[in-house]
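**Student:** Starting off with a structure, shown below.
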Amino acid sequence: TNATVTERDSLPTAAALSRICTALRKALHDARNQDGGWGYAPGRHSRIEPTCWAELALGHSLGRAPDVDSIRRWKCQDDWLLDVPGAPPNITFNALAALTLLQEPSTIALAQPIITRLIHARGATFRQTAALAQDNSIQAWSWVDGTASWVEPTAWCLLLLKRVRSQSPSQEAAERIRIGEQFLFDRVCHGGGWHYGNPEVYGQKLWPYVPTTAVALLAMQDHRAHPVVKQSLQQLQKDVASERSVVAVALTIVCLRTYGVATDSLEQTAIEMAASADPGNLLATATMLYALADTPQRPAFVLQNDV
């Protein structure tokens, strides 16, 4: 586990990849709820995040568009998909749901009301203080309405708006993209990569996390020549050597593949992890299946007009 991505010399075989993908697909099929969705664990209530990842992974691993019937039927309120009854809409998961709907031509129109909601969503502003070396006036995206902007919600919303900007361009969406990018550049950690929110607190520099960095890099893939993006990509490859959760490794594979970085040795690590992973963690199962399924199907998180 201390080896870097490039230091691994044991590469995955096609047979090994096929076996593990088959096992992961079976685990997801077996854990599907009667309403067509997935919870975070077998037998739990269906939630948006694991359902989207499961649908994306099952479709991607078979080289076809995802079956989005469960998202199509999801309970809505004011055009938001509701993750937990009685709780405010989860902005991040709505962005992921819209990205999922975009993969199936017949449901692209269903994503538009969510996209419109997300364009108008804004994180709260806070008083500027000397203790925080960041711009608190930037209103990117929060997890739920009325709270602070965070890296993951901003990254998912930014990626979504960039996916649709060529099909439905608008000045308001373009401005939200600009602000989202401004936020990520403002919140980058000292050595590259992203923490959940602040890069520094009370003079103490915070460290980046692999999943947040991977998602932020996916959102910034059209700026891959920017020094911050290049530095963060290097930081991600360094940090994944020690941050060995299934989701962290899976998201890193997805991100590196998007940037054209070889992932063979990291895939071998992923296969080893998947073989002994907790079968009760359905989000991990789905993200790993998506990461390992390198098919001709266009990935959900690759921008159409990457520059």
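Residues are named by chain letter and number: chains run A, B, ... in the order of the structure tokens, numbers start at 1 in each chain, and ligands are numbered from 1 in the order shown.
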For the interface of stretch 11-37 of chain A with stretch 267-279 of chain A (cut-off 10 Å, counting only C-alpha atoms), please tabulate each contacting residue of stretch 11-37 of chain A alongside its nearest pair of atoms and their separation in Å to one decimal, rows sorted by chain and increasing number, as a tab-separated table.
**Tutor:**
residue	atom	partner	partner_atom	distance
A:Leu11	CA	A:Gln268	CA	5.7
A:Pro12	CA	A:Gln268	CA	5.0
A:Thr13	CA	A:Gln268	CA	8.6
A:Ala16	CA	A:Ile271	CA	7.8
A:Leu17	CA	A:Ile271	CA	7.3
A:Arg19	CA	A:Ile271	CA	9.6
A:Ile20	CA	A:Ile271	CA	6.8
A:Cys21	CA	A:Ile271	CA	9.2
A:Ala23	CA	A:Ala275	CA	9.1
A:Leu24	CA	A:Ala274	CA	8.3
A:Ala27	CA	A:Pro279	CA	7.4
A:Leu28	CA	A:Pro279	CA	9.5
A:Ala31	CA	A:Pro279	CA	9.7
**Student:** Neighbours of A:Gly180 within 7 Å (only C-alpha atoms; same-chain residues fewer than 3 positions away dropped), as a compact mmCIF listing (two decimals) with C-alpha atoms, in the first residue's frame?
**Tutor:**
# COMPACT_ATOMS: atom_id res chain seq x y z
CA ALA A 140 -20.70 28.47 -5.27
CA THR A 154 -19.49 22.77 -6.33
CA LEU A 158 -19.87 22.58 -12.16
CA ARG A 176 -22.33 30.09 -12.45
CA ILE A 177 -19.58 28.12 -14.18
CA PHE A 183 -14.36 28.92 -5.85
CA LEU A 184 -12.27 25.82 -6.63
**Student:** When you look at A:Tyr209 with a cut-off of 12 Å (counting only C-alpha atoms), what residues show up, excluding the ones that are within fewer than 6 positions of it in the same chain? I need them as a ChimeraX atom specification.
**Tutor:** /A:151-152,188-189,191-199,215-216,232,235-245,247-249,251-252
**Student:** Hey, what's within 8 Å of A:Gln103 if we count only C-alpha atoms and toss same-chain stuff fewer than 3 positions away? As JSON, numbers by chain, please?
**Tutor:** {"A": [65, 66, 99, 100, 108, 300]}
**Student:** Write a file of the selected residues as a PDB file, in the first residue's frame, keeping N, CA and C atoms.
**Tutor:**
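Written output follows (selection-v3.pdb):
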ATOM      1  N   ALA A  65     -26.305   2.690 -22.213  1.00  0.00           N
ATOM      2  CA  ALA A  65     -26.833   3.746 -21.354  1.00  0.00           C
ATOM      3  C   ALA A  65     -27.446   3.129 -20.099  1.00  0.00           C
ATOM      4  N   PRO A  66     -27.440   3.854 -18.988  1.00  0.00           N
ATOM      5  CA  PRO A  66     -28.000   3.302 -17.747  1.00  0.00           C
ATOM      6  C   PRO A  66     -29.517   3.194 -17.806  1.00  0.00           C
ATOM      7  N   LEU A  99     -26.837  14.315 -14.030  1.00  0.00           N
ATOM      8  CA  LEU A  99     -25.790  13.730 -14.863  1.00  0.00           C
ATOM      9  C   LEU A  99     -26.179  12.319 -15.300  1.00  0.00           C
ATOM     10  N   THR A 100     -26.817  11.583 -14.405  1.00  0.00           N
ATOM     11  CA  THR A 100     -27.264  10.232 -14.735  1.00  0.00           C
ATOM     12  C   THR A 100     -28.359  10.271 -15.793  1.00  0.00           C
ATOM     13  N   ILE A 108     -33.289  12.979 -21.019  1.00  0.00           N
ATOM     14  CA  ILE A 108     -32.541  14.241 -20.967  1.00  0.00           C
ATOM     15  C   ILE A 108     -33.450  15.389 -20.555  1.00  0.00           C
ATOM     16  N   ALA A 300     -19.648   8.970 -18.276  1.00  0.00           N
ATOM     17  CA  ALA A 300     -20.613   9.998 -17.866  1.00  0.00           C
ATOM     18  C   ALA A 300     -19.949  11.297 -17.464  1.00  0.00           C
TER      19      ALA A 300
END
**Student:** Here is a test: counting only C-alpha atoms, which residue of A:Leu160, A:Ile114, A:Leu102, A:Ala284 is nearest to A:Val68?
**Tutor:**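 The closest residue to A:Val68 is A:Leu102.
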**Student:** Rank A:Ala250, A:Val228, A:Val84, A:Ile119 by their smallest atom-to-atom distance to A:Val164, using only C-alpha atoms, and report the top residue only.
**Tutor:**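 Selected residue with least distance to A:Val164: A:Ile119.
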**Student:** Return as a CSV table (one decimal) with N, CA, C and O atoms, in the first residue's frame the full set of residues in stretch 113-220 of chain A whose backbone-based DSSP assignment is strand (DSSP E or B).
**Tutor:**
chain,number,residue,atom,x,y,z
A,124,ALA,N,-24.3,30.1,0.9
A,124,ALA,CA,-24.4,31.4,1.8
A,124,ALA,C,-23.0,32.1,1.8
A,124,ALA,O,-21.9,31.4,1.7
A,142,SER,N,-23.7,24.6,-2.1
A,142,SER,CA,-23.6,24.0,-0.8
A,142,SER,C,-24.3,22.6,-0.9
A,142,SER,O,-24.9,22.2,-1.9
A,148,ALA,N,-23.0,26.9,3.8
A,148,ALA,CA,-21.8,27.3,3.1
A,148,ALA,C,-21.5,26.5,1.9
A,148,ALA,O,-22.0,25.4,1.7
A,149,SER,N,-20.8,27.1,1.0
A,149,SER,CA,-20.3,26.4,-0.2
A,149,SER,C,-19.2,25.4,0.1
A,149,SER,O,-18.4,25.6,1.0
A,188,VAL,N,-8.2,25.7,-3.3
A,188,VAL,CA,-7.2,24.6,-3.5
A,188,VAL,C,-6.2,24.6,-2.3
A,188,VAL,O,-5.8,25.7,-1.8
A,194,TRP,N,-7.7,19.2,-3.0
A,194,TRP,CA,-8.8,19.9,-2.2
A,194,TRP,C,-9.2,19.2,-1.0
A,194,TRP,O,-9.3,17.9,-1.0
A,200,GLU,N,-7.3,26.2,4.6
A,200,GLU,CA,-6.5,26.6,5.8
A,200,GLU,C,-7.5,27.1,6.9
A,200,GLU,O,-8.5,27.7,6.6
A,201,VAL,N,-7.2,26.8,8.1
A,201,VAL,CA,-7.9,27.3,9.3
A,201,VAL,C,-7.0,27.8,10.4
A,201,VAL,O,-6.1,27.0,10.8
A,204,GLN,N,-3.4,27.1,10.0
A,204,GLN,CA,-3.0,25.7,9.8
A,204,GLN,C,-3.4,25.3,8.4
A,204,GLN,O,-4.6,25.3,8.1
A,205,LYS,N,-2.4,24.9,7.6
A,205,LYS,CA,-2.8,24.4,6.3
A,205,LYS,C,-3.4,23.0,6.4
A,205,LYS,O,-2.9,22.1,7.0
**Student:** Select, from A:Ser70, A:Thr22, A:Thr92, A:Thr51, the residue with the minimum atom-to-atom distance to A:Thr287, counting only C-alpha atoms.
**Tutor:**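 Ranked by minimum distance to A:Thr287, first place goes to A:Thr51.
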**Student:** Work out how far apart atom CA of A:Ser61 and atom CA of A:Ala14 are and give it in Å to one decimal.
**Tutor:**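 Spanning atom CA of A:Ser61 to atom CA of A:Ala14 is a straight-line distance of 13.4 Å.
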**Student:** For A:Leu289, which of A:Leu101, A:Val302, A:Val229, A:Val246 is the closest residue, counting only C-alpha atoms?
**Tutor:**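 For A:Leu289, the nearest of the candidates is A:Val246.
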